[in-house]
Every structure is written in structure tokens, then in C-alpha cells.
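For reference, work-v7.tsv is printed below; it contains TSV, C-alpha atoms.
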```
chain	number	residue	atom	x	y	z
A	30	MET	CA	1.55	4.35	24.46
A	31	SER	CA	5.15	3.59	23.45
A	32	TYR	CA	5.82	0.95	20.80
A	33	PRO	CA	9.01	-1.00	20.06
A	34	LYS	CA	11.20	0.77	17.50
A	35	PHE	CA	13.24	-0.75	14.71
A	36	THR	CA	16.77	0.41	15.49
A	37	LYS	CA	19.91	0.50	13.35
A	38	GLU	CA	21.28	-2.46	15.32
A	39	MET	CA	18.26	-4.54	14.27
A	40	VAL	CA	19.24	-4.26	10.59
A	41	LYS	CA	21.73	-7.11	11.17
A	42	THR	CA	19.63	-9.20	13.56
A	43	HIS	CA	16.00	-8.88	12.40
A	44	THR	CA	14.16	-10.18	9.33
A	45	ILE	CA	11.63	-7.70	7.94
A	46	LEU	CA	8.35	-9.33	6.90
A	47	ILE	CA	6.42	-7.72	4.03
A	48	PRO	CA	2.80	-8.54	3.06
A	49	SER	CA	2.34	-9.85	-0.48
A	50	MET	CA	0.51	-7.91	-3.18
A	51	ALA	CA	1.74	-8.04	-6.78
A	52	ASP	CA	3.78	-11.25	-6.90
A	53	ILE	CA	6.17	-10.30	-9.72
A	54	HIS	CA	6.95	-6.85	-8.35
A	55	PHE	CA	7.29	-7.89	-4.73
A	56	ARG	CA	9.81	-10.61	-5.52
A	57	LEU	CA	11.94	-7.88	-7.07
A	58	PHE	CA	11.26	-5.37	-4.26
A	59	GLU	CA	12.40	-8.05	-1.81
A	60	ARG	CA	15.68	-8.39	-3.65
A	61	ALA	CA	16.12	-4.61	-3.89
A	62	LEU	CA	15.78	-4.20	-0.12
A	63	ILE	CA	18.15	-7.11	0.50
A	64	GLY	CA	20.58	-5.32	-1.83
A	65	CYS	CA	20.34	-2.30	0.49
A	66	GLY	CA	21.54	-4.37	3.45
A	67	TYR	CA	18.22	-5.47	5.00
A	68	LYS	CA	17.06	-9.01	5.75
A	69	VAL	CA	13.67	-9.23	4.03
A	70	GLU	CA	10.99	-11.85	3.48
A	71	VAL	CA	7.81	-11.34	1.43
A	72	LEU	CA	5.05	-13.41	2.99
A	73	LYS	CA	3.64	-16.30	0.98
A	74	ASN	CA	0.86	-17.46	3.32
A	75	LYS	CA	-2.38	-16.83	1.44
A	76	SER	CA	-4.87	-19.22	3.02
A	77	GLU	CA	-8.28	-18.46	4.53
A	78	ALA	CA	-6.51	-18.26	7.89
A	79	CYS	CA	-5.21	-14.80	6.93
A	80	CYS	CA	-8.74	-13.42	6.74
A	81	ASN	CA	-9.84	-15.25	9.88
A	82	GLU	CA	-6.90	-13.89	11.89
A	83	GLY	CA	-7.57	-10.39	10.59
A	84	LEU	CA	-11.22	-10.55	11.65
A	85	LYS	CA	-10.13	-11.41	15.20
A	86	TYR	CA	-8.15	-8.22	15.64
A	87	VAL	CA	-9.54	-5.66	13.16
A	88	HIS	CA	-13.00	-4.10	13.40
A	89	ASN	CA	-15.20	-5.28	10.52
A	90	ASP	CA	-15.96	-1.67	9.58
A	91	THR	CA	-12.31	-1.31	8.59
A	92	CYS	CA	-11.63	-1.95	4.91
A	93	TYR	CA	-10.95	-5.44	3.62
A	94	PRO	CA	-7.26	-4.90	2.69
A	95	ALA	CA	-6.48	-3.99	6.31
A	96	THR	CA	-8.16	-7.19	7.49
A	97	LEU	CA	-6.10	-9.28	5.06
A	98	VAL	CA	-2.75	-7.54	5.52
A	99	ILE	CA	-2.92	-7.57	9.32
A	100	GLY	CA	-4.29	-11.11	9.27
A	101	GLN	CA	-1.45	-12.26	7.01
A	102	PHE	CA	1.11	-10.77	9.39
A	103	ILE	CA	-0.41	-12.39	12.48
A	104	ASP	CA	-0.87	-15.74	10.74
A	105	ALA	CA	2.82	-15.63	9.73
A	106	LEU	CA	3.88	-14.83	13.32
A	107	ASN	CA	1.70	-17.65	14.65
A	108	ASN	CA	3.60	-20.09	12.45
A	109	ARG	CA	7.13	-18.96	13.26
A	110	GLU	CA	9.27	-20.66	15.89
A	111	ARG	CA	10.74	-17.30	16.97
A	112	THR	CA	9.24	-13.83	16.85
A	113	ASP	CA	11.93	-11.90	18.72
A	114	ASP	CA	14.03	-11.50	15.56
A	115	VAL	CA	11.40	-10.17	13.15
A	116	ALA	CA	9.95	-6.77	12.25
A	117	LEU	CA	6.98	-5.89	10.04
A	118	LEU	CA	7.00	-3.42	7.16
A	119	ILE	CA	3.89	-1.63	5.94
A	120	THR	CA	3.48	1.18	3.41
A	121	GLN	CA	1.55	4.40	3.98
A	122	THR	CA	0.55	6.77	1.20
A	123	GLY	CA	-0.42	9.55	3.58
A	124	GLY	CA	-3.60	10.31	1.66
A	125	GLY	CA	-7.18	10.64	2.90
A	126	CYS	CA	-7.70	6.88	2.98
A	127	ARG	CA	-8.03	4.35	5.77
A	128	ALA	CA	-4.80	2.80	4.50
A	129	SER	CA	-2.88	5.65	6.14
A	130	ASN	CA	-4.07	4.27	9.51
A	131	TYR	CA	-3.01	0.64	8.96
A	132	LEU	CA	0.17	1.22	10.95
A	133	HIS	CA	-1.72	2.01	14.17
A	134	LEU	CA	-4.28	-0.74	13.55
A	135	LEU	CA	-1.44	-3.23	13.10
A	136	ARG	CA	0.30	-2.19	16.32
A	137	LYS	CA	-2.91	-2.53	18.33
A	138	ALA	CA	-3.56	-5.94	16.75
A	139	LEU	CA	-0.06	-7.15	17.62
A	140	ILE	CA	-0.62	-6.30	21.28
A	141	LYS	CA	-3.93	-8.18	21.33
A	142	ALA	CA	-2.41	-11.16	19.54
A	143	GLY	CA	0.44	-11.44	22.03
A	144	TYR	CA	3.25	-9.88	19.97
A	145	PRO	CA	3.78	-6.46	21.58
A	146	HIS	CA	7.56	-6.84	21.18
A	147	VAL	CA	7.47	-6.94	17.36
A	148	PRO	CA	8.48	-3.56	15.85
A	149	VAL	CA	6.63	-2.11	12.85
A	150	LEU	CA	8.32	-0.03	10.15
A	151	SER	CA	6.54	2.46	7.91
A	152	LEU	CA	7.64	2.91	4.30
A	153	ASN	CA	6.31	6.32	3.29
A	154	MET	CA	7.36	9.56	1.63
A	155	SER	CA	5.07	11.73	3.76
A	156	ASN	CA	7.01	11.89	7.07
A	157	LEU	CA	4.21	9.98	8.80
A	158	GLU	CA	6.67	7.89	10.83
A	159	LYS	CA	9.99	9.65	11.13
A	160	ASP	CA	11.84	7.16	13.32
A	161	SER	CA	11.01	3.86	11.65
A	162	GLY	CA	14.67	2.89	11.28
A	163	LEU	CA	14.28	2.40	7.53
A	164	VAL	CA	16.66	4.75	5.76
A	165	ILE	CA	15.28	5.82	2.38
A	166	ASP	CA	18.39	6.99	0.55
A	167	LEU	CA	19.30	7.44	-3.12
A	168	LYS	CA	20.60	3.88	-3.36
A	169	MET	CA	17.28	2.44	-2.17
A	170	ILE	CA	15.22	4.74	-4.41
A	171	ARG	CA	17.21	3.71	-7.49
A	172	LYS	CA	16.90	0.00	-6.75
A	173	ILE	CA	13.18	0.26	-5.96
A	174	CYS	CA	12.57	2.26	-9.15
A	175	ALA	CA	14.48	-0.32	-11.21
A	176	ALA	CA	12.50	-3.17	-9.60
A	177	LEU	CA	9.29	-1.27	-10.35
A	178	ILE	CA	10.12	-0.86	-14.05
A	179	TYR	CA	11.22	-4.49	-14.45
A	180	GLY	CA	8.10	-5.63	-12.59
A	181	ASP	CA	5.75	-3.61	-14.81
A	182	MET	CA	7.54	-4.84	-17.94
A	183	LEU	CA	7.31	-8.50	-16.93
A	184	MET	CA	3.68	-8.21	-15.79
A	185	TYR	CA	2.66	-6.47	-19.01
A	186	LEU	CA	4.34	-8.99	-21.33
A	187	TYR	CA	3.15	-11.92	-19.20
A	188	ASN	CA	-0.47	-10.80	-19.41
A	189	LYS	CA	-0.11	-10.16	-23.15
A	190	THR	CA	1.13	-13.71	-23.82
A	191	ARG	CA	-0.16	-16.07	-21.12
A	192	SER	CA	-3.63	-16.46	-22.71
A	193	TYR	CA	-2.16	-17.31	-26.13
A	194	GLU	CA	0.85	-19.49	-25.31
A	195	LEU	CA	1.05	-22.78	-27.19
A	196	GLU	CA	3.38	-24.38	-24.64
A	197	PRO	CA	1.85	-24.56	-21.13
A	198	ASN	CA	3.53	-22.26	-18.57
A	199	ALA	CA	6.00	-20.95	-21.17
A	200	SER	CA	5.32	-17.31	-20.27
A	201	LYS	CA	5.44	-18.01	-16.52
A	202	ASN	CA	8.77	-19.78	-16.94
A	203	LEU	CA	10.10	-16.71	-18.73
A	204	VAL	CA	8.94	-14.48	-15.88
A	205	ASP	CA	10.67	-16.75	-13.33
A	206	LYS	CA	13.84	-16.78	-15.42
A	207	TRP	CA	14.00	-13.00	-15.64
A	208	ILE	CA	13.18	-12.43	-11.99
A	209	GLN	CA	16.18	-14.61	-11.18
A	210	ASN	CA	18.41	-12.80	-13.69
A	211	ILE	CA	17.38	-9.36	-12.42
A	212	SER	CA	17.81	-10.50	-8.80
A	213	ASN	CA	21.36	-11.59	-9.65
A	214	ASP	CA	21.98	-8.17	-11.22
A	215	ILE	CA	20.75	-6.36	-8.11
A	216	ASP	CA	22.89	-8.61	-5.89
A	217	ALA	CA	25.91	-7.64	-8.00
A	218	ASN	CA	24.85	-3.98	-7.85
A	219	THR	CA	24.27	-3.88	-11.61
A	220	GLY	CA	21.17	-3.61	-13.79
A	221	ILE	CA	19.96	-0.38	-12.18
A	222	LYS	CA	21.84	2.21	-14.23
A	223	PHE	CA	20.17	3.69	-17.30
A	224	PHE	CA	22.14	1.86	-20.00
A	225	GLN	CA	22.19	-1.39	-18.02
A	226	MET	CA	18.40	-1.27	-17.74
A	227	LYS	CA	18.06	-0.46	-21.44
A	228	LYS	CA	20.05	-3.60	-22.32
A	229	ARG	CA	18.07	-5.81	-19.93
A	230	LEU	CA	14.65	-4.51	-21.03
A	231	ASN	CA	15.51	-5.18	-24.68
A	232	GLU	CA	16.63	-8.71	-23.79
A	233	ILE	CA	13.37	-9.34	-21.90
A	234	ALA	CA	11.29	-8.09	-24.83
A	235	LYS	CA	13.18	-10.30	-27.31
A	236	ASP	CA	12.62	-13.35	-25.12
A	237	PHE	CA	8.85	-12.78	-25.00
A	238	ALA	CA	8.79	-12.06	-28.75
A	239	ASN	CA	10.15	-15.58	-29.34
A	240	LEU	CA	7.29	-17.27	-27.46
A	241	LYS	CA	5.04	-19.43	-29.62
A	242	VAL	CA	1.54	-17.96	-29.38
A	243	SER	CA	-1.78	-18.50	-31.11
A	244	LYS	CA	-3.69	-15.84	-33.07
A	245	ALA	CA	-7.03	-16.77	-31.50
A	246	LYS	CA	-9.46	-13.95	-30.80
A	247	LYS	CA	-10.25	-13.64	-27.11
A	248	ILE	CA	-12.31	-11.39	-24.86
A	249	LYS	CA	-10.11	-8.58	-23.54
A	250	VAL	CA	-10.71	-7.66	-19.91
A	251	GLY	CA	-9.13	-4.82	-17.93
A	252	ILE	CA	-8.74	-4.91	-14.15
A	253	VAL	CA	-8.82	-1.68	-12.12
A	254	GLY	CA	-9.72	-0.72	-8.57
A	255	GLU	CA	-8.30	-0.17	-5.11
A	256	ILE	CA	-4.59	-0.91	-5.32
A	257	TYR	CA	-4.53	-3.96	-3.00
A	258	VAL	CA	-7.54	-5.87	-4.33
A	259	LYS	CA	-6.52	-4.87	-7.85
A	260	TYR	CA	-3.21	-6.77	-7.63
A	261	ALA	CA	-3.35	-9.20	-4.69
A	262	ALA	CA	-4.72	-12.67	-5.42
A	263	LEU	CA	-5.50	-12.95	-1.70
A	264	GLY	CA	-7.64	-9.81	-1.94
A	265	ASN	CA	-9.50	-10.54	-5.18
A	266	ASN	CA	-9.98	-14.31	-4.89
A	267	ASP	CA	-7.52	-15.09	-7.70
A	268	LEU	CA	-9.35	-12.82	-10.14
A	269	GLU	CA	-6.65	-12.98	-12.83
A	270	ASP	CA	-6.56	-16.79	-12.87
A	271	PHE	CA	-10.37	-16.90	-12.99
A	272	LEU	CA	-10.48	-14.62	-16.04
A	273	ILE	CA	-7.78	-16.69	-17.75
A	274	SER	CA	-9.86	-19.82	-17.05
A	275	GLN	CA	-12.74	-18.09	-18.85
A	276	ASP	CA	-10.55	-17.80	-21.96
A	277	CYS	CA	-9.89	-14.06	-21.61
A	278	GLU	CA	-6.88	-11.87	-22.17
A	279	ILE	CA	-6.33	-9.59	-19.19
A	280	MET	CA	-4.79	-6.16	-18.82
A	281	VAL	CA	-3.74	-4.84	-15.43
A	282	PRO	CA	-2.29	-1.29	-15.44
A	283	GLY	CA	1.21	-1.13	-13.97
A	284	ILE	CA	2.16	-0.06	-10.46
A	285	LEU	CA	4.34	2.68	-11.99
A	286	GLY	CA	1.09	4.51	-12.80
A	287	PHE	CA	0.17	4.61	-9.11
A	288	GLY	CA	3.64	5.97	-8.34
A	289	PHE	CA	3.20	8.72	-10.92
A	290	TYR	CA	-0.27	9.44	-9.53
A	291	CYS	CA	1.06	10.00	-6.00
A	292	ILE	CA	3.83	12.29	-7.23
A	293	TYR	CA	1.56	14.32	-9.51
A	294	ASN	CA	-0.85	14.84	-6.61
A	295	SER	CA	1.83	16.73	-4.70
A	296	LEU	CA	2.11	19.11	-7.67
A	297	TYR	CA	-1.65	19.45	-8.09
A	298	ASP	CA	-1.99	20.32	-4.38
A	299	ILE	CA	0.30	23.31	-4.84
A	300	ASN	CA	-1.58	24.39	-7.98
A	301	LEU	CA	-4.98	24.10	-6.30
A	302	TYR	CA	-4.29	25.18	-2.74
A	303	GLY	CA	-1.09	27.19	-2.95
A	304	GLY	CA	2.31	26.61	-1.41
A	305	LYS	CA	5.97	27.27	-2.03
A	306	LYS	CA	6.96	26.72	-5.65
A	307	THR	CA	10.24	25.23	-4.44
A	308	LYS	CA	8.26	22.20	-3.21
A	309	LYS	CA	7.67	21.33	-6.86
A	310	ILE	CA	11.37	20.78	-7.58
A	311	LEU	CA	11.84	17.30	-6.08
A	312	PRO	CA	8.55	15.80	-7.40
A	313	SER	CA	9.25	17.26	-10.85
A	314	LEU	CA	12.74	15.72	-10.91
A	315	LEU	CA	11.38	12.34	-9.81
A	316	ILE	CA	8.74	12.47	-12.56
A	317	LYS	CA	11.43	13.20	-15.17
A	318	TYR	CA	13.53	10.29	-13.89
A	319	LEU	CA	10.62	7.86	-13.97
A	320	GLU	CA	9.59	9.08	-17.43
A	321	LEU	CA	13.07	8.24	-18.71
A	322	LEU	CA	12.81	4.71	-17.30
A	323	GLU	CA	9.24	4.36	-18.60
A	324	GLY	CA	10.49	5.40	-22.04
A	325	LEU	CA	13.06	2.58	-21.99
A	326	MET	CA	10.30	0.06	-21.30
A	327	ILE	CA	8.00	1.37	-24.06
A	328	LYS	CA	10.81	1.54	-26.64
A	329	ALA	CA	11.99	-1.99	-25.81
A	330	ILE	CA	8.51	-3.44	-26.42
A	331	LYS	CA	8.01	-1.40	-29.61
A	332	LYS	CA	11.44	-2.28	-31.03
A	333	ASN	CA	11.58	-6.01	-30.26
A	334	THR	CA	7.99	-7.31	-30.32
A	335	GLU	CA	4.75	-7.07	-32.24
A	336	ILE	CA	2.97	-6.28	-28.97
A	337	VAL	CA	1.48	-2.82	-28.69
A	338	PRO	CA	3.26	-1.15	-25.74
A	339	MET	CA	1.55	0.64	-22.87
A	340	GLN	CA	0.81	4.36	-23.15
A	341	PRO	CA	3.13	6.79	-21.32
A	342	PHE	CA	1.59	8.06	-18.10
A	343	LYS	CA	1.53	11.67	-19.30
A	344	HIS	CA	-1.12	10.42	-21.75
A	345	THR	CA	-2.95	8.32	-19.15
A	346	LYS	CA	-3.35	11.17	-16.67
A	347	GLU	CA	-5.32	13.22	-19.19
A	348	MET	CA	-7.88	10.45	-19.68
A	349	SER	CA	-9.88	11.59	-16.66
A	350	ASN	CA	-10.48	15.02	-18.22
A	351	GLY	CA	-14.17	15.68	-18.74
A	352	VAL	CA	-15.13	12.97	-16.25
A	353	ILE	CA	-13.45	13.83	-12.94
A	354	ASP	CA	-11.05	16.55	-11.76
A	355	HIS	CA	-7.39	16.02	-10.81
A	356	GLY	CA	-8.25	17.49	-7.42
A	357	VAL	CA	-10.07	14.25	-6.56
A	358	LYS	CA	-7.21	12.28	-5.02
A	359	MET	CA	-8.61	10.22	-2.15
A	360	GLY	CA	-7.57	6.58	-2.48
A	361	GLU	CA	-6.97	5.85	-6.18
A	362	GLY	CA	-8.90	9.04	-7.09
A	363	TRP	CA	-8.72	10.33	-10.63
A	364	LEU	CA	-6.26	7.56	-11.57
A	365	LEU	CA	-9.01	4.96	-11.28
A	366	THR	CA	-11.24	6.92	-13.67
A	367	ALA	CA	-8.36	7.59	-16.07
A	368	GLU	CA	-7.45	3.89	-16.23
A	369	MET	CA	-11.03	2.88	-17.03
A	370	VAL	CA	-11.27	5.43	-19.85
A	371	GLU	CA	-7.88	4.44	-21.27
A	372	LEU	CA	-8.66	0.72	-21.15
A	373	THR	CA	-11.90	1.38	-23.00
A	374	GLN	CA	-10.08	3.37	-25.68
A	375	ILE	CA	-7.44	0.69	-26.34
A	376	GLY	CA	-9.86	-2.22	-26.70
A	377	TYR	CA	-10.26	-3.46	-23.12
A	378	GLU	CA	-13.78	-2.11	-22.78
A	379	ASN	CA	-14.77	-5.08	-20.60
A	380	ILE	CA	-13.61	-3.97	-17.15
A	381	VAL	CA	-13.73	-5.40	-13.66
A	382	CYS	CA	-13.54	-2.65	-11.03
A	383	ALA	CA	-12.38	-4.43	-7.88
A	384	GLN	CA	-13.17	-2.54	-4.69
A	385	PRO	CA	-13.30	-3.28	-0.97
A	386	PHE	CA	-16.86	-3.08	0.32
A	387	GLY	CA	-17.53	0.39	1.71
A	388	CYS	CA	-14.42	1.95	0.14
A	389	LEU	CA	-15.70	5.49	-0.38
A	390	PRO	CA	-12.96	6.65	-2.82
A	391	ASN	CA	-13.60	3.64	-5.07
A	392	HIS	CA	-17.36	4.03	-4.95
A	393	ILE	CA	-16.99	7.64	-6.09
A	394	CYS	CA	-14.08	7.42	-8.55
A	395	GLY	CA	-14.99	3.95	-9.84
A	396	LYS	CA	-18.66	3.11	-9.48
A	397	GLY	CA	-19.70	6.77	-9.39
A	398	VAL	CA	-18.30	7.61	-12.85
A	399	MET	CA	-19.39	4.49	-14.71
A	400	LYS	CA	-22.57	6.08	-16.02
A	401	GLN	CA	-20.65	9.00	-17.49
A	402	ILE	CA	-18.01	6.74	-19.01
A	403	LYS	CA	-20.76	4.67	-20.66
A	404	GLU	CA	-22.30	7.83	-22.06
A	405	LEU	CA	-18.96	8.86	-23.56
A	406	TYR	CA	-18.04	5.32	-24.64
A	407	PRO	CA	-21.19	3.23	-25.31
A	408	GLN	CA	-19.05	0.13	-25.93
A	409	SER	CA	-17.80	0.12	-22.31
A	410	ASN	CA	-18.89	-2.93	-20.32
A	411	ILE	CA	-17.95	-2.32	-16.68
A	412	VAL	CA	-18.83	-4.29	-13.57
A	413	ALA	CA	-17.98	-3.24	-10.01
A	414	ILE	CA	-17.20	-6.17	-7.71
A	415	ASP	CA	-17.10	-5.72	-3.93
A	416	TYR	CA	-14.59	-7.77	-1.96
A	417	ASP	CA	-15.30	-8.36	1.71
A	418	PRO	CA	-15.02	-11.19	4.28
A	419	SER	CA	-18.76	-11.82	3.93
A	420	ALA	CA	-18.80	-11.77	0.11
A	421	THR	CA	-18.84	-15.20	-1.52
A	422	LYS	CA	-16.48	-16.09	-4.34
A	423	VAL	CA	-19.31	-17.77	-6.25
A	424	ASN	CA	-21.40	-14.61	-6.23
A	425	GLN	CA	-18.45	-12.50	-7.38
A	426	GLU	CA	-17.62	-14.87	-10.22
A	427	ASN	CA	-21.25	-15.12	-11.33
A	428	ARG	CA	-21.45	-11.33	-11.63
A	429	ILE	CA	-18.25	-11.33	-13.69
A	430	LYS	CA	-19.68	-14.10	-15.89
A	431	LEU	CA	-22.69	-11.89	-16.64
A	432	MET	CA	-20.30	-9.17	-17.83
A	433	LEU	CA	-18.41	-11.74	-19.92
A	434	ALA	CA	-21.69	-12.98	-21.45
A	435	ILE	CA	-22.28	-9.51	-22.87
A	436	ALA	CA	-18.67	-9.41	-24.08
A	437	LYS	CA	-19.06	-12.78	-25.85
A	438	GLU	CA	-22.14	-11.58	-27.70
A	439	ARG	CA	-20.25	-8.53	-28.93
A	440	LEU	CA	-17.20	-10.60	-29.88
```

Represent the supplied structure as C-alpha cells.
Amino acid sequence: MSYPKFTKEMVKTHTILIPSMADIHFRLFERALIGCGYKVEVLKNKSEACCNEGLKYVHNDTCYPATLVIGQFIDALNNRERTDDVALLITQTGGGCRASNYLHLLRKALIKAGYPHVPVLSLNMSNLEKDSGLVIDLKMIRKICAALIYGDMLMYLYNKTRSYELEPNASKNLVDKWIQNISNDIDANTGIKFFQMKKRLNEIAKDFANLKVSKAKKIKVGIVGEIYVKYAALGNNDLEDFLISQDCEIMVPGILGFGFYCIYNSLYDINLYGGKKTKKILPSLLIKYLELLEGLMIKAIKKNTEIVPMQPFKHTKEMSNGVIDHGVKMGEGWLLTAEMVELTQIGYENIVCAQPFGCLPNHICGKGVMKQIKELYPQSNIVAIDYDPSATKVNQENRIKLMLAIAKERL
């Protein structure tokens, strides 16, 4: 069956809709793509209607993120006056995960929902969809990488301060301020070069260092899991806000780590299964580039604040050693295990592992390694929470409260 294609002419006439996930990052990604000449809109509809629409057009054996993402798209189209000037953008990792099939599920759903004319673009680095009309050039890569670093920086500092702020919403206001400043930079084609980013990251760190915060001792909780339900409030029933309401400090590993994980997997594949050594050149260069940007972020936090910065990813990736092999790369694979071990080591031993019900990679690399992690780190206090259309929020929160009860006793 032939599907409508996003052509070069549509760049000027069509608005590209993007599903929401990590709010801070995606506001910056939106601006980065606009800065590359595309009309872009990150969806903000997050009601129960998104799930209900998804259930109409996606088989319930398909994972929960697909239900929500496709449902959010269709709900957005249902509420637009015109649909002949929009296109949909979805990412594909290309790994052995159902997420690699979302593109085809979405196209079938659009036909059933009455929108067969709406083109779908694939953002991927695996040549899964070669004629999507989205040109991934050096300019886009640099702007996306800059948005990624700024997003991780803001998310990290926000989570480090929001539980302790003495003035309500002070940390959120800072995040909003800096998203606007960075967006203005990207519009002016600045803020993405190395020294420009260094200056901005130092300014961000200084601003957060000046926040008035309390020294109260709180339960520290890490959040890991499948990438969508880990970050998306729509997917995890506002997990972060719930934990904050329980007087916790939260830690959510950055999206940069997932980017590193995907790139490293291409190197590990060659090491494990063979292949041309020349295929290592591009991934290796990209790793070096991202490590330079990561270093700017870590140094800015260390230099300007009393906050302990995040560990570099070259340290994180070794945390899975002795628990699971780097050859295990389905879904979040060894990264999920590594993040749980690292969180335990740095004081966030209370961990919520958020996973879609029936997500095999998460059940193996998350739930499946918990026993071994607890043997290595007896202080670890991990709970796996399944997210699914049939799962009730009350039940999920009660299970998390049981984990927090243990944490309170230890505190």
C-alpha cells in the first residue's frame, strides 16, 4: 500500500506535529527544528482521551507507549479545524523493540480514523525510512545536540532544587526563563557553538545556585525504565509530581545517556558480531563530540554550584558490568541495569522502575536483574511498576507508597 509522503514543498506549507515526552527537552527540540526551517508543534493534549483514542486503533497487545502516542496524534487531529496542512513526526531507534514498528501502526491507525492523507515522517539514524522528507544534516544535528545538553542540564538542576525551594515555583520559573533564553539563541543561530554553550551553561548553573533552598533531609528516589514511561507524564500518570507530593527528591537520568547508549551499541555490534572497522569512525566521532558537550555541563555545575554533578556516561556504562552484558541491547537493555546500579551507588537507592506491561526488554533488564542488584547492594529498594490502560493509578501509587514506607524507616 502506498502512503502519502512528506515532500520538500511541504516544508513551507505543513506543520509537523510531535508527540510530547520530556517537557523541558521537547520544548527545546521544537525550537531547534523550527531553527532548521520546519514548522513544528509539540502536542500538549494529555487527557484521558489520548488513551481512549489509542485503544480504538491499536491492538491492546501492543505496548502502552504506542497506544498513547498514536492516541495523542489522533486526538490532536480530531480537534483541529484543518488536517490537510499537517504531518506527523515519530522517532524510530531501529532496535529489536516494538517501538521500531510504531510508524506502520500509526499509518494504519490514520487510515482507520479517517486521515489517510496525513503524511508521517520518521526521525531515525538507521535508514528505516529513507524518503521521509526530513533532511538530517550537520546543522540539525548540532542544534538537536545543543538542545539535548541544555535540556539535561535544566532537568537535572530542576530536580535537584524543586523539592527544597523556599519560594514556590522558583525553580520552575528559572526553567521557563532559560528555555526562553535558549530558544532566542537558537532563533538567532547562536548558543550552539562550543564556547557559546560553555558561557550559557555557566550562567544557568549560577542562576540555580542563587535559589533559596532548605537543608531538609528528604527521601531520594530514582526513576528508570522504558524511555517513554520514564519521562512522559502522560505515560507514567504524573509520577514525578506524585513523588514530589510525597516529600521526595527525585533523580531522572538524562536523555543524553540514551543517546550514548544507542551510539555505543553500534560499536558493540561490530565487536561482538564482526563488521568493517570503518563503520566505527562516525559513531566514535559522535561520542567524542557529545563527551565534550557533556564535560561542559558537568564542569559548569561543579564550578558554580554546591550540587554534585552527574557522572560522565563513560562511567555509567560500566555500571552494568557483573550484572548484565553490553550485548543485551533490546529496548533500554544494559542501560537500564547500569542506571539502577549507579543510582544506588550515589544515594538514590529507592528506585521506581517504570515499564509498560508486557515489555519484554524491561522485564529482563529491569525486573530480571533486581535480585542480583539487591545481592550486590543490600540497601537497594526497587519497585517495578507496570503502566497499562487497565492499570489503575491508585494501585500504582499504593505500590510506590509501600516502597517509600521502607525508605522512611531507613531515613

Write out as number ranges by chain the residues lying within 12 Å of Cys291 (chain A), counting all atoms listed in the file and excluding same-chain residues fewer than 3 positions away. A: 121-124, 153-155, 284-288, 294-298, 312-313, 315-316, 346, 355, 357-364

Measuring atom to atom with only C-alpha atoms, identify which of A:Ile63, A:Ala238, A:Ile310, A:Leu57 is nearest to Thr44 (chain A).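 Among A:Ile63, A:Ala238, A:Ile310, A:Leu57, it is A:Ile63 that comes nearest to Thr44 (chain A).
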
What's the 8 Å shell around Leu163 (chain A), counting all atoms listed in the file, without same-chain residues fewer than 3 positions away, as a ChimeraX atom specification? /A:35,150-152,160

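CA of Ala138 (chain A) sits 18.5 Å away from CA of Asp114 (chain A).
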
Distance criterion (only C-alpha atoms): nearest to Leu132 (chain A) out of A:Tyr318, A:Phe223, A:Val98, A:Ile178: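 Closest to Leu132 (chain A) of all the choices is A:Val98.
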
Counting only C-alpha atoms, I want the residues whose atoms come within 12 Å of (-3.7, -15.3, -33.0) in the file frame, returned as a list in words.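 Residues with an atom at most 12 Å from (-3.7, -15.3, -33.0): Lys189, Thr190, Ser192, Tyr193, Glu194, Leu195, Lys241, Val242, Ser243, Lys244, Ala245, Lys246, Lys247, Glu278, Glu335 and Ile336 of chain A.
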
Long-range neighbours of Val69 (chain A) as a VMD selection string, 9 Å cut-off, all atoms listed in the file, 3 positions minimum in chain: chain A and resid 43 to 47 59 to 60 62 to 63

Could the residues in this selection be written to a file with C-alpha atoms, as a PDB file, in the frame of the given file?
```
ATOM      1  CA  HIS A  43      16.000  -8.880  12.400  1.00  0.00           C
ATOM      2  CA  THR A  44      14.160 -10.180   9.330  1.00  0.00           C
ATOM      3  CA  ILE A  45      11.630  -7.700   7.940  1.00  0.00           C
ATOM      4  CA  LEU A  46       8.350  -9.330   6.900  1.00  0.00           C
ATOM      5  CA  ILE A  47       6.420  -7.720   4.030  1.00  0.00           C
ATOM      6  CA  GLU A  59      12.400  -8.050  -1.810  1.00  0.00           C
ATOM      7  CA  ARG A  60      15.680  -8.390  -3.650  1.00  0.00           C
ATOM      8  CA  LEU A  62      15.780  -4.200  -0.120  1.00  0.00           C
ATOM      9  CA  ILE A  63      18.150  -7.110   0.500  1.00  0.00           C
TER      10      ILE A  63
END
```

Can region 383-396 of chain A be brought up to N, CA and C atoms and written out as a compact mmCIF listing (two decimals), in the coordinates of the input?
```
# COMPACT_ATOMS: atom_id res chain seq x y z
N ALA A 383 -12.46 -3.71 -9.15
CA ALA A 383 -12.38 -4.43 -7.88
C ALA A 383 -12.25 -3.44 -6.73
N GLN A 384 -13.18 -3.52 -5.79
CA GLN A 384 -13.17 -2.54 -4.69
C GLN A 384 -13.53 -3.21 -3.37
N PRO A 385 -12.89 -2.79 -2.28
CA PRO A 385 -13.30 -3.28 -0.97
C PRO A 385 -14.70 -2.73 -0.65
N PHE A 386 -15.52 -3.54 -0.04
CA PHE A 386 -16.86 -3.08 0.32
C PHE A 386 -16.77 -1.85 1.23
N GLY A 387 -17.52 -0.82 0.88
CA GLY A 387 -17.53 0.39 1.71
C GLY A 387 -16.35 1.32 1.49
N CYS A 388 -15.55 1.08 0.43
CA CYS A 388 -14.42 1.95 0.14
C CYS A 388 -14.94 3.19 -0.58
N LEU A 389 -15.08 4.29 0.16
CA LEU A 389 -15.70 5.49 -0.38
C LEU A 389 -14.98 6.03 -1.62
N PRO A 390 -13.62 6.14 -1.61
CA PRO A 390 -12.96 6.65 -2.82
C PRO A 390 -13.28 5.82 -4.06
N ASN A 391 -13.31 4.49 -3.91
CA ASN A 391 -13.60 3.64 -5.07
C ASN A 391 -15.05 3.76 -5.52
N HIS A 392 -15.95 3.90 -4.57
CA HIS A 392 -17.36 4.03 -4.95
C HIS A 392 -17.62 5.33 -5.69
N ILE A 393 -16.82 6.36 -5.41
CA ILE A 393 -16.99 7.64 -6.09
C ILE A 393 -16.23 7.66 -7.42
N CYS A 394 -14.94 7.30 -7.37
CA CYS A 394 -14.08 7.42 -8.55
C CYS A 394 -14.16 6.20 -9.47
N GLY A 395 -14.80 5.13 -9.01
CA GLY A 395 -14.99 3.95 -9.84
C GLY A 395 -16.45 3.80 -10.21
N LYS A 396 -17.23 3.34 -9.24
CA LYS A 396 -18.66 3.11 -9.48
C LYS A 396 -19.39 4.40 -9.84
```
